[in-house]
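> Data: model_7.cif, mmCIF, C-alpha atoms.
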```cif
data_upload
#
loop_
_atom_site.group_PDB
_atom_site.id
_atom_site.type_symbol
_atom_site.label_atom_id
_atom_site.label_comp_id
_atom_site.auth_asym_id
_atom_site.auth_seq_id
_atom_site.Cartn_x
_atom_site.Cartn_y
_atom_site.Cartn_z
ATOM 1 C CA MET V 208 25.007 -7.250 -35.042
ATOM 2 C CA GLU V 209 26.217 -7.473 -38.625
ATOM 3 C CA ASN V 210 29.314 -9.376 -39.614
ATOM 4 C CA SER V 211 31.539 -6.982 -41.550
ATOM 5 C CA ASN V 212 34.258 -9.561 -42.204
ATOM 6 C CA VAL V 213 32.370 -11.424 -44.946
ATOM 7 C CA THR V 214 33.527 -10.242 -48.353
ATOM 8 C CA SER V 215 31.239 -9.838 -51.346
ATOM 9 C CA GLU V 216 33.897 -9.836 -54.079
ATOM 10 C CA GLY V 217 36.617 -12.180 -55.211
ATOM 11 C CA SER V 218 36.798 -15.946 -55.044
ATOM 12 C CA PRO V 219 36.940 -18.305 -52.060
ATOM 13 C CA THR V 220 40.546 -19.045 -51.113
ATOM 14 C CA VAL V 221 42.018 -22.192 -49.627
ATOM 15 C CA LYS V 222 43.164 -21.555 -46.059
ATOM 16 C CA CYS V 223 45.116 -23.627 -43.578
ATOM 17 C CA GLU V 224 43.098 -24.619 -40.532
ATOM 18 C CA THR V 225 44.138 -22.847 -37.352
ATOM 19 C CA GLY V 226 44.285 -24.509 -33.964
ATOM 20 C CA SER V 227 41.154 -22.671 -32.821
ATOM 21 C CA GLN V 228 39.283 -23.763 -35.943
ATOM 22 C CA LEU V 229 40.322 -27.371 -35.375
ATOM 23 C CA LEU V 230 39.082 -27.213 -31.777
ATOM 24 C CA ALA V 231 35.816 -25.552 -32.865
ATOM 25 C CA ARG V 232 35.279 -28.258 -35.458
ATOM 26 C CA LEU V 233 35.974 -31.131 -33.095
ATOM 27 C CA CYS V 234 34.423 -29.821 -29.888
ATOM 28 C CA SER V 235 30.832 -30.282 -28.775
ATOM 29 C CA ARG V 236 28.555 -27.391 -29.730
ATOM 30 C CA PRO V 237 25.479 -26.311 -27.722
ATOM 31 C CA SER V 238 22.656 -28.796 -28.234
ATOM 32 C CA LEU V 239 19.477 -27.699 -30.017
ATOM 33 C CA ALA V 240 17.517 -30.781 -28.907
ATOM 34 C CA LYS V 241 15.094 -28.647 -26.865
ATOM 35 C CA LEU V 242 14.806 -25.714 -29.275
ATOM 36 C CA GLU V 243 11.107 -26.333 -30.009
ATOM 37 C CA PRO V 244 9.753 -29.733 -28.918
ATOM 38 C CA ALA V 245 6.384 -29.027 -30.581
ATOM 39 C CA LEU V 246 8.135 -29.155 -33.961
ATOM 40 C CA PHE V 247 11.327 -31.118 -33.324
ATOM 41 C CA PRO V 248 11.233 -33.751 -30.555
ATOM 42 C CA ASP V 249 15.009 -34.178 -30.689
ATOM 43 C CA LEU V 250 16.706 -31.686 -33.007
ATOM 44 C CA SER V 251 20.349 -32.538 -33.585
ATOM 45 C CA GLY V 252 23.216 -31.386 -35.757
ATOM 46 C CA GLU V 253 23.408 -32.192 -39.482
ATOM 47 C CA TYR V 254 19.655 -31.517 -39.804
ATOM 48 C CA VAL V 255 18.288 -29.409 -42.672
ATOM 49 C CA VAL V 256 14.864 -27.742 -42.483
ATOM 50 C CA GLU V 257 13.082 -25.896 -45.293
ATOM 51 C CA ILE V 258 10.328 -23.433 -44.313
ATOM 52 C CA SER V 259 7.919 -22.208 -46.968
ATOM 53 C CA GLY V 260 4.671 -20.285 -47.075
ATOM 54 C CA LYS V 261 3.024 -17.282 -48.649
ATOM 55 C CA SER V 262 3.905 -13.724 -47.627
ATOM 56 C CA GLY V 263 2.614 -13.017 -44.114
ATOM 57 C CA ALA V 264 2.362 -16.702 -43.174
ATOM 58 C CA GLY V 265 4.894 -16.300 -40.346
ATOM 59 C CA LYS V 266 8.236 -17.506 -41.739
ATOM 60 C CA SER V 267 10.180 -14.570 -40.266
ATOM 61 C CA GLU V 268 8.349 -14.872 -36.938
ATOM 62 C CA LEU V 269 9.370 -18.512 -36.741
ATOM 63 C CA PHE V 270 12.987 -17.485 -37.276
ATOM 64 C CA TYR V 271 12.722 -14.859 -34.508
ATOM 65 C CA HIS V 272 11.320 -17.574 -32.244
ATOM 66 C CA PHE V 273 14.250 -19.895 -32.944
ATOM 67 C CA ILE V 274 16.811 -17.097 -32.550
ATOM 68 C CA VAL V 275 15.425 -15.967 -29.178
ATOM 69 C CA TRP V 276 15.516 -19.418 -27.606
ATOM 70 C CA CYS V 277 18.987 -20.072 -29.002
ATOM 71 C CA ILE V 278 20.649 -16.897 -27.744
ATOM 72 C CA LEU V 279 18.945 -16.760 -24.344
ATOM 73 C CA PRO V 280 20.950 -18.410 -21.523
ATOM 74 C CA PRO V 281 19.488 -21.268 -19.467
ATOM 75 C CA SER V 282 19.236 -18.971 -16.439
ATOM 76 C CA TRP V 283 20.102 -15.443 -15.364
ATOM 77 C CA GLN V 284 20.675 -14.228 -11.792
ATOM 78 C CA GLY V 285 18.868 -17.227 -10.369
ATOM 79 C CA THR V 286 15.903 -16.966 -12.766
ATOM 80 C CA GLU V 287 15.258 -19.907 -15.063
ATOM 81 C CA LEU V 288 14.958 -18.699 -18.672
ATOM 82 C CA GLY V 289 15.121 -21.949 -20.591
ATOM 83 C CA GLY V 290 17.471 -20.697 -23.299
ATOM 84 C CA LEU V 291 20.187 -22.740 -24.985
ATOM 85 C CA SER V 292 23.147 -20.288 -25.058
ATOM 86 C CA ALA V 293 23.706 -21.226 -28.695
ATOM 87 C CA GLY V 294 25.183 -18.904 -31.288
ATOM 88 C CA VAL V 295 23.224 -18.216 -34.490
ATOM 89 C CA VAL V 296 24.291 -17.061 -37.954
ATOM 90 C CA LEU V 297 21.537 -15.502 -40.077
ATOM 91 C CA VAL V 298 22.220 -15.065 -43.797
ATOM 92 C CA ASP V 299 19.721 -12.404 -44.844
ATOM 93 C CA THR V 300 19.049 -12.380 -48.578
ATOM 94 C CA ASP V 301 15.462 -11.043 -48.469
ATOM 95 C CA HIS V 302 16.463 -8.093 -46.222
ATOM 96 C CA HIS V 303 13.404 -8.572 -44.005
ATOM 97 C CA PHE V 304 15.315 -9.046 -40.750
ATOM 98 C CA ASN V 305 14.010 -6.595 -38.142
ATOM 99 C CA LEU V 306 16.270 -6.171 -35.105
ATOM 100 C CA LEU V 307 13.608 -4.148 -33.255
ATOM 101 C CA ARG V 308 11.102 -6.990 -33.660
ATOM 102 C CA LEU V 309 13.654 -9.472 -32.335
ATOM 103 C CA VAL V 310 14.357 -7.252 -29.315
ATOM 104 C CA THR V 311 10.590 -6.923 -28.687
ATOM 105 C CA VAL V 312 10.202 -10.699 -28.624
ATOM 106 C CA LEU V 313 13.185 -10.962 -26.272
ATOM 107 C CA GLU V 314 11.699 -8.366 -23.922
ATOM 108 C CA LYS V 315 8.187 -9.817 -23.966
ATOM 109 C CA THR V 316 9.412 -13.371 -23.595
ATOM 110 C CA LYS V 317 11.236 -12.971 -20.298
ATOM 111 C CA LYS V 318 10.639 -9.336 -19.290
ATOM 112 C CA VAL V 319 14.332 -8.706 -18.720
ATOM 113 C CA THR V 320 16.197 -6.020 -20.645
ATOM 114 C CA ILE V 321 19.536 -5.609 -18.858
ATOM 115 C CA PHE V 322 21.292 -8.442 -20.644
ATOM 116 C CA ILE V 323 19.582 -8.223 -24.059
ATOM 117 C CA GLN V 324 22.637 -6.666 -25.697
ATOM 118 C CA GLU V 325 24.754 -9.469 -24.280
ATOM 119 C CA CYS V 326 22.358 -12.023 -25.801
ATOM 120 C CA LEU V 327 22.515 -10.286 -29.178
ATOM 121 C CA GLN V 328 26.269 -10.852 -29.233
ATOM 122 C CA MET V 329 25.365 -14.495 -29.907
ATOM 123 C CA LEU V 330 23.790 -13.494 -33.239
ATOM 124 C CA THR V 331 25.689 -12.759 -36.454
ATOM 125 C CA VAL V 332 23.766 -11.272 -39.392
ATOM 126 C CA VAL V 333 25.243 -11.283 -42.895
ATOM 127 C CA ARG V 334 23.446 -9.692 -45.867
ATOM 128 C CA CYS V 335 23.776 -10.796 -49.488
ATOM 129 C CA TRP V 336 22.556 -9.168 -52.693
ATOM 130 C CA ASN V 337 22.938 -11.893 -55.334
ATOM 131 C CA SER V 338 23.711 -15.590 -55.751
ATOM 132 C CA GLU V 339 27.439 -15.006 -56.140
ATOM 133 C CA GLN V 340 27.597 -13.140 -52.835
ATOM 134 C CA LEU V 341 25.536 -15.866 -51.194
ATOM 135 C CA LEU V 342 27.967 -18.574 -52.315
ATOM 136 C CA LEU V 343 30.979 -16.516 -51.242
ATOM 137 C CA THR V 344 29.340 -15.865 -47.892
ATOM 138 C CA LEU V 345 28.734 -19.569 -47.276
ATOM 139 C CA HIS V 346 32.379 -20.319 -48.044
ATOM 140 C CA SER V 347 33.461 -17.491 -45.732
ATOM 141 C CA LEU V 348 31.295 -18.874 -42.920
ATOM 142 C CA ASP V 349 33.747 -21.757 -42.662
ATOM 143 C CA SER V 350 36.095 -19.428 -40.764
ATOM 144 C CA VAL V 351 33.268 -17.709 -38.842
ATOM 145 C CA ILE V 352 31.758 -20.946 -37.532
ATOM 146 C CA GLY V 353 35.144 -22.592 -37.268
ATOM 147 C CA SER V 354 36.391 -19.909 -34.864
ATOM 148 C CA ASN V 355 33.230 -19.882 -32.709
ATOM 149 C CA ALA V 356 32.358 -23.130 -30.942
ATOM 150 C CA ASN V 357 29.045 -21.689 -29.674
ATOM 151 C CA ILE V 358 27.406 -21.492 -33.111
ATOM 152 C CA SER V 359 24.916 -24.335 -33.572
ATOM 153 C CA LEU V 360 22.319 -22.875 -35.953
ATOM 154 C CA LEU V 361 22.605 -21.416 -39.462
ATOM 155 C CA LEU V 362 19.529 -19.633 -40.833
ATOM 156 C CA ILE V 363 19.070 -18.536 -44.461
ATOM 157 C CA ASP V 364 16.250 -16.112 -45.268
ATOM 158 C CA SER V 365 15.632 -16.960 -48.028
ATOM 159 C CA VAL V 366 17.399 -19.605 -50.071
ATOM 160 C CA SER V 367 15.349 -18.696 -53.166
ATOM 161 C CA ALA V 368 15.659 -14.888 -52.993
ATOM 162 C CA PHE V 369 17.614 -14.581 -56.247
ATOM 163 C CA TYR V 370 15.739 -17.173 -58.311
ATOM 164 C CA TRP V 371 14.074 -14.727 -60.734
ATOM 165 C CA LEU V 372 17.189 -12.571 -60.985
ATOM 166 C CA ASP V 373 19.209 -15.647 -61.937
ATOM 167 C CA ARG V 374 16.574 -16.728 -64.461
ATOM 168 C CA MET V 375 16.666 -13.309 -66.090
ATOM 169 C CA ASN V 376 20.475 -13.230 -66.228
ATOM 170 C CA LEU V 377 20.848 -16.850 -67.325
ATOM 171 C CA MET V 378 17.788 -17.320 -69.547
ATOM 172 C CA ASP V 379 19.984 -18.595 -72.370
ATOM 173 C CA HIS V 380 21.854 -20.944 -70.034
ATOM 174 C CA MET V 381 19.199 -22.460 -67.750
ATOM 175 C CA ASN V 382 21.483 -25.331 -66.749
ATOM 176 C CA GLU V 383 23.627 -22.736 -64.961
ATOM 177 C CA ILE V 384 20.820 -22.271 -62.410
ATOM 178 C CA ASP V 385 21.039 -25.957 -61.537
ATOM 179 C CA LYS V 386 24.792 -25.546 -61.159
ATOM 180 C CA LEU V 387 24.261 -22.607 -58.776
ATOM 181 C CA HIS V 388 21.903 -24.691 -56.650
ATOM 182 C CA ALA V 389 24.380 -27.593 -56.660
ATOM 183 C CA GLN V 390 27.177 -25.255 -55.503
ATOM 184 C CA LEU V 391 24.895 -23.890 -52.777
ATOM 185 C CA VAL V 392 24.158 -27.391 -51.485
ATOM 186 C CA ALA V 393 27.840 -28.370 -51.654
ATOM 187 C CA ALA V 394 28.853 -25.342 -49.544
ATOM 188 C CA LEU V 395 26.162 -26.114 -46.970
ATOM 189 C CA LYS V 396 27.091 -29.799 -46.855
ATOM 190 C CA LYS V 397 30.675 -28.832 -46.024
ATOM 191 C CA LEU V 398 29.504 -26.716 -43.072
ATOM 192 C CA ILE V 399 27.332 -29.581 -41.832
ATOM 193 C CA ASN V 400 30.063 -32.185 -42.233
ATOM 194 C CA ASP V 401 32.738 -30.037 -40.584
ATOM 195 C CA TYR V 402 30.748 -28.443 -37.764
ATOM 196 C CA LYS V 403 27.538 -30.513 -37.299
ATOM 197 C CA VAL V 404 25.350 -27.374 -37.295
ATOM 198 C CA VAL V 405 21.592 -27.337 -37.884
ATOM 199 C CA ILE V 406 20.532 -25.485 -41.044
ATOM 200 C CA MET V 407 17.132 -23.886 -41.559
ATOM 201 C CA ALA V 408 16.193 -21.994 -44.717
ATOM 202 C CA THR V 409 13.032 -20.246 -45.828
ATOM 203 C CA ARG V 410 11.859 -20.743 -49.396
ATOM 204 C CA GLN V 411 9.545 -18.363 -51.186
ATOM 205 C CA VAL V 412 6.340 -19.627 -52.776
ATOM 206 C CA LEU V 413 7.034 -18.655 -56.382
ATOM 207 C CA MET V 414 4.483 -21.026 -57.857
ATOM 208 C CA LYS V 415 0.982 -21.708 -56.585
ATOM 209 C CA GLU V 416 0.649 -24.846 -54.495
ATOM 210 C CA ARG V 417 -2.719 -26.589 -54.716
ATOM 211 C CA GLU V 418 -4.244 -27.639 -51.402
ATOM 212 C CA THR V 419 -6.975 -30.237 -50.951
ATOM 213 C CA GLU V 420 -10.172 -28.598 -49.718
ATOM 214 C CA THR V 421 -11.449 -30.818 -46.897
ATOM 215 C CA ALA V 422 -12.781 -30.471 -43.393
ATOM 216 C CA ASP V 423 -10.311 -32.992 -41.994
ATOM 217 C CA HIS V 424 -7.554 -31.082 -40.195
ATOM 218 C CA MET V 425 -4.837 -33.582 -41.061
ATOM 219 C CA ASP V 426 -5.859 -33.534 -44.719
ATOM 220 C CA LYS V 427 -4.322 -30.061 -44.886
ATOM 221 C CA LEU V 428 -1.158 -32.055 -45.419
ATOM 222 C CA ASN V 429 -2.436 -33.230 -48.811
ATOM 223 C CA PHE V 430 -1.344 -30.700 -51.419
ATOM 224 C CA LYS V 431 0.726 -30.664 -54.568
ATOM 225 C CA HIS V 432 4.306 -29.605 -53.840
ATOM 226 C CA PHE V 433 6.235 -27.615 -56.457
ATOM 227 C CA ASP V 434 10.000 -27.471 -55.957
ATOM 228 C CA PHE V 435 12.029 -25.218 -58.257
ATOM 229 C CA MET V 436 15.292 -25.558 -56.298
ATOM 230 C CA GLY V 437 16.432 -28.668 -58.139
ATOM 231 C CA VAL V 438 17.096 -32.273 -57.199
ATOM 232 C CA ASN V 439 20.244 -31.511 -55.159
ATOM 233 C CA TRP V 440 18.272 -29.269 -52.811
ATOM 234 C CA GLN V 441 15.354 -31.715 -52.604
ATOM 235 C CA ARG V 442 17.680 -34.504 -51.483
ATOM 236 C CA PHE V 443 19.523 -32.215 -49.082
ATOM 237 C CA VAL V 444 16.445 -31.152 -47.098
ATOM 238 C CA LYS V 445 15.443 -33.578 -44.324
ATOM 239 C CA CYS V 446 12.311 -31.799 -43.092
ATOM 240 C CA ARG V 447 9.868 -29.369 -44.726
ATOM 241 C CA LEU V 448 7.616 -26.954 -42.862
ATOM 242 C CA THR V 449 4.831 -25.274 -44.835
ATOM 243 C CA LEU V 450 3.138 -22.358 -43.046
ATOM 244 C CA LYS V 451 -0.481 -21.444 -43.732
ATOM 245 C CA LYS V 452 -2.203 -18.362 -42.328
ATOM 246 C CA GLU V 453 -5.637 -19.046 -40.806
ATOM 247 C CA GLN V 454 -8.586 -16.748 -40.119
ATOM 248 C CA THR V 455 -8.920 -15.373 -36.577
ATOM 249 C CA GLU V 456 -11.182 -12.711 -35.081
ATOM 250 C CA LYS V 457 -8.873 -11.721 -32.233
ATOM 251 C CA VAL V 458 -7.053 -8.411 -32.674
ATOM 252 C CA GLY V 459 -3.297 -8.666 -32.268
ATOM 253 C CA GLN V 460 -3.208 -12.392 -32.987
ATOM 254 C CA THR V 461 -2.503 -14.337 -36.147
ATOM 255 C CA LYS V 462 -3.221 -18.047 -36.248
ATOM 256 C CA ILE V 463 -1.055 -20.214 -38.459
ATOM 257 C CA THR V 464 -0.903 -23.915 -39.210
ATOM 258 C CA ILE V 465 2.511 -25.506 -39.669
ATOM 259 C CA CYS V 466 2.405 -28.589 -41.871
ATOM 260 C CA LYS V 467 5.478 -30.677 -41.151
ATOM 261 C CA PHE V 468 6.758 -33.136 -43.746
ATOM 262 C CA ASP V 469 9.396 -35.649 -42.680
ATOM 263 C CA SER V 470 9.216 -39.308 -41.674
ATOM 264 C CA VAL V 471 5.843 -38.728 -39.948
ATOM 265 C CA PRO V 472 3.817 -35.815 -41.468
ATOM 266 C CA GLN V 473 1.843 -33.796 -38.948
ATOM 267 C CA SER V 474 -0.048 -30.525 -38.555
ATOM 268 C CA ILE V 475 0.690 -28.078 -35.713
ATOM 269 C CA GLU V 476 -1.225 -24.895 -34.850
ATOM 270 C CA CYS V 477 0.231 -21.794 -33.224
ATOM 271 C CA LEU V 478 -0.494 -18.111 -32.617
ATOM 272 C CA ILE V 479 1.688 -15.132 -33.564
ATOM 273 C CA MET V 480 1.353 -12.386 -30.959
ATOM 274 C CA GLU V 481 3.333 -9.305 -29.954
ATOM 275 C CA SER V 482 5.330 -11.495 -27.585
ATOM 276 C CA GLY V 483 6.203 -13.966 -30.360
ATOM 277 C CA ILE V 484 4.948 -17.419 -31.267
ATOM 278 C CA MET V 485 2.892 -19.607 -28.932
ATOM 279 C CA PHE V 486 2.366 -23.234 -29.895
ATOM 280 C CA MET V 487 -1.115 -24.592 -29.198
ATOM 281 C CA THR V 488 -0.134 -27.990 -27.808
#
```
Let's see the structure in the file written out as structure tokens.


Amino acid sequence: MENSNVTSEGSPTVKCETGSQLLARLCSRPSLAKLEPALFPDLSGEYVVEISGKSGAGKSELFYHFIVWCILPPSWQGTELGGLSAGVVLVDTDHHFNLLRLVTVLEKTKKVTIFIQECLQMLTVVRCWNSEQLLLTLHSLDSVIGSNANISLLLIDSVSAFYWLDRMNLMDHMNEIDKLHAQLVAALKKLINDYKVVIMATRQVLMKERETETADHMDKLNFKHFDFMGVNWQRFVKCRLTLKKEQTEKVGQTKITICKFDSVPQSIECLIMESGIMFMT
């Protein structure tokens, strides 16, 4: 379900707000309060989550999990499904999004296939190939989200995809990278302020993070955090999730620990299976 209306060239233009965009901005969007209670007891709009972890730690699987429970309806033909009927926009910069994997999780989750295509209409996927396209896309999403009152969640996978490309192109002007990050945050802040959406973004681990070796489970939260996204991004993020892959002997299962950093740091364990993510709570 790719959005073909997002341009990759030119500059953002100032547009007059249509009546439908005004209504979409002012109306109540689907609530994400019950998206995943194990991680977010009461998730609300204007919330920014950063998800980091090494390759294979489960960042994409966590996104599939969030997408499925957003786009599923609360019930279907008398069967309770528990979905939120919330639209999702996924900005794919790493090009790892796998529609077949998402459909598999949908099928395994509720064992119903007739209305899967209808659910997928709630998902918009936009792909970007460099920082300039990413910024233009975020500006263009003002009209996409503004014309669709069902969209409550914006996912970016990943926010740091073009870091090394930018460093190579701007090695003689390193302050320009900080400007790019500031423009990125400004565009996202506008979407939050105008439409009260929740934003979640994965961040690659480009530099080794040192973890404290200890037997205490909660002490997994004690590690040195390296942030290369700049002070604007650090202040923008309200919650950080760091995913760590654990050893498991069961075939077809991957155990991960999610270290959550916000007002009250905590550690949450879950399993990644063919049917998706299962939280061990």

> List as a list in words the residues having at least one atom at most 9 Å from position (15.5, -26.5, -39.4) as given in the file, counting all atoms listed in the file.

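Selection result: Phe247, Leu250, Tyr254, Val255, Val256, Glu257, Ile258, Leu360, Leu361, Leu362, Val405, Ile406, Met407, Ala408, Lys445, Cys446, Arg447 and Leu448 of chain V.
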
> Counting only C-alpha atoms, which residues come within 10 Å of (4.8, -18.3, -39.2), with the point read in the file's coordinates, and could you list them as a PyMOL selection string?

chain V and resi 258-272+448-452+461-465+476-479+483-484

> Report as a PDB file with C-alpha atoms, in the coordinates of the input all protein, DNA and RNA residues lying within 12 Å of Val312 in chain V, evaluated on only C-alpha atoms, omitting residues in the same chain fewer than 2 positions from it.


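Contents of selection_24.pdb, as written:
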```pdb
ATOM      1  CA  GLU V 268       8.349 -14.872 -36.938  1.00  0.00           C
ATOM      2  CA  LEU V 269       9.370 -18.512 -36.741  1.00  0.00           C
ATOM      3  CA  PHE V 270      12.987 -17.485 -37.276  1.00  0.00           C
ATOM      4  CA  TYR V 271      12.722 -14.859 -34.508  1.00  0.00           C
ATOM      5  CA  HIS V 272      11.320 -17.574 -32.244  1.00  0.00           C
ATOM      6  CA  PHE V 273      14.250 -19.895 -32.944  1.00  0.00           C
ATOM      7  CA  ILE V 274      16.811 -17.097 -32.550  1.00  0.00           C
ATOM      8  CA  VAL V 275      15.425 -15.967 -29.178  1.00  0.00           C
ATOM      9  CA  TRP V 276      15.516 -19.418 -27.606  1.00  0.00           C
ATOM     10  CA  LEU V 279      18.945 -16.760 -24.344  1.00  0.00           C
ATOM     11  CA  ASN V 305      14.010  -6.595 -38.142  1.00  0.00           C
ATOM     12  CA  LEU V 306      16.270  -6.171 -35.105  1.00  0.00           C
ATOM     13  CA  LEU V 307      13.608  -4.148 -33.255  1.00  0.00           C
ATOM     14  CA  ARG V 308      11.102  -6.990 -33.660  1.00  0.00           C
ATOM     15  CA  LEU V 309      13.654  -9.472 -32.335  1.00  0.00           C
ATOM     16  CA  VAL V 310      14.357  -7.252 -29.315  1.00  0.00           C
ATOM     17  CA  GLU V 314      11.699  -8.366 -23.922  1.00  0.00           C
ATOM     18  CA  LYS V 315       8.187  -9.817 -23.966  1.00  0.00           C
ATOM     19  CA  THR V 316       9.412 -13.371 -23.595  1.00  0.00           C
ATOM     20  CA  LYS V 317      11.236 -12.971 -20.298  1.00  0.00           C
ATOM     21  CA  LYS V 318      10.639  -9.336 -19.290  1.00  0.00           C
ATOM     22  CA  VAL V 319      14.332  -8.706 -18.720  1.00  0.00           C
ATOM     23  CA  THR V 320      16.197  -6.020 -20.645  1.00  0.00           C
ATOM     24  CA  ILE V 323      19.582  -8.223 -24.059  1.00  0.00           C
ATOM     25  CA  ILE V 479       1.688 -15.132 -33.564  1.00  0.00           C
ATOM     26  CA  MET V 480       1.353 -12.386 -30.959  1.00  0.00           C
ATOM     27  CA  GLU V 481       3.333  -9.305 -29.954  1.00  0.00           C
ATOM     28  CA  SER V 482       5.330 -11.495 -27.585  1.00  0.00           C
ATOM     29  CA  GLY V 483       6.203 -13.966 -30.360  1.00  0.00           C
ATOM     30  CA  ILE V 484       4.948 -17.419 -31.267  1.00  0.00           C
ATOM     31  CA  MET V 485       2.892 -19.607 -28.932  1.00  0.00           C
TER      32      MET V 485
END
```

> Please list as an MDAnalysis selection string every residue within 9 Å of His302 in chain V, counting all atoms listed in the file and excluding residues in the same chain fewer than 5 positions away.

chainID V and resid 334:336 364

> With distances taken over all atoms listed in the file, which of V:Ser359, V:Ser350, V:Gln340, V:Gln411 is nearest to Leu391 in chain V?

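Closest residue, counting all atoms listed in the file: V:Gln340.
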
> Find the distance between CA of Pro280 in chain V and CA of Val296 in chain V and write it in Å to one decimal.

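CA of Val296 in chain V lies at a distance of 16.8 Å from CA of Pro280 in chain V.
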
> Near Asp349 in chain V, counting all atoms listed in the file, which residues have an atom at most 9 Å away, once you skip same-chain residues fewer than 6 positions from it, shown as a ChimeraX atom specification?

/V:228,397-398,401-402

> Would you output that residue set with C-alpha atoms, as an mmCIF file, in the frame of the given file?


```cif
data_model
loop_
_atom_site.group_PDB
_atom_site.id
_atom_site.type_symbol
_atom_site.label_atom_id
_atom_site.label_comp_id
_atom_site.auth_asym_id
_atom_site.auth_seq_id
_atom_site.Cartn_x
_atom_site.Cartn_y
_atom_site.Cartn_z
ATOM 1 C CA GLN V 228 39.283 -23.763 -35.943
ATOM 2 C CA LYS V 397 30.675 -28.832 -46.024
ATOM 3 C CA LEU V 398 29.504 -26.716 -43.072
ATOM 4 C CA ASP V 401 32.738 -30.037 -40.584
ATOM 5 C CA TYR V 402 30.748 -28.443 -37.764
#
```

> Between V:Asp301, V:Cys326, V:Asn376, V:Val333, which one has atoms that come closest to Leu313 in chain V, using only C-alpha atoms?

V:Cys326

> Measure the distance from CA of Leu395 in chain V to CA of Ile475 in chain V in Å and round it to one decimal.

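These atoms are spaced 27.9 Å apart.
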
> Report as a ChimeraX atom specification the full result of the PyMOL selection byres ((chain V and resi 367) around 8) when it is applied to this structure.

/V:365-366,368-370,409-411,436

> Identify which of the residues V:Ile384, V:Val404, V:Val438, V:Ala240 lies closest to Gly294 in chain V, counting all atoms listed in the file when measuring atom-to-atom distances.

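The answer is V:Val404, which sits nearest to Gly294 in chain V.
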
> Provide the CA of Leu343 in chain V to CA of Leu327 in chain V distance in Å, to one decimal place.

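These atoms are spaced 24.4 Å apart.
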
> Nearest to Met487 in chain V: which of V:Leu372, V:Gly459, V:Ser235, V:Ala245 is it, counting all atoms listed in the file?

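Closest residue, counting all atoms listed in the file: V:Ala245.
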
> Is it possible to get the axis-aligned box enclosing range 284-290 of chain V (all listed atoms, 5 Å extra per side) as AutoDock Vina command-line options, with centre and edge lengths in Å rounded to one decimal?


```
--center_x 17.8 --center_y -18.1 --center_z -16.8 --size_x 15.7 --size_y 17.7 --size_z 22.9
```

> If the PyMOL selection byres ((chain V and resi 357) around 12) is run on the structure shown, which residues does it catch, given as a PyMOL selection string?

chain V and resi 230-232+234-239+277-278+280+291-296+328-331+351-356+358-361+402-404

> Choose the residue, out of V:Glu453, V:Val298, V:Ile363, V:Gly290, that has the smallest atom-to-atom separation from Leu242 in chain V; count all atoms listed in the file.

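For Leu242 in chain V, the nearest of the given residues is V:Gly290.
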
> In terms of the shortest atom-to-atom distance over only C-alpha atoms, which of V:Gln324, V:Gln390, V:Asn400, V:Thr311 is closest to Leu342 in chain V?

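Checking each of V:Gln324, V:Gln390, V:Asn400, V:Thr311 against Leu342 in chain V, counting only C-alpha atoms, the winner is V:Gln390.
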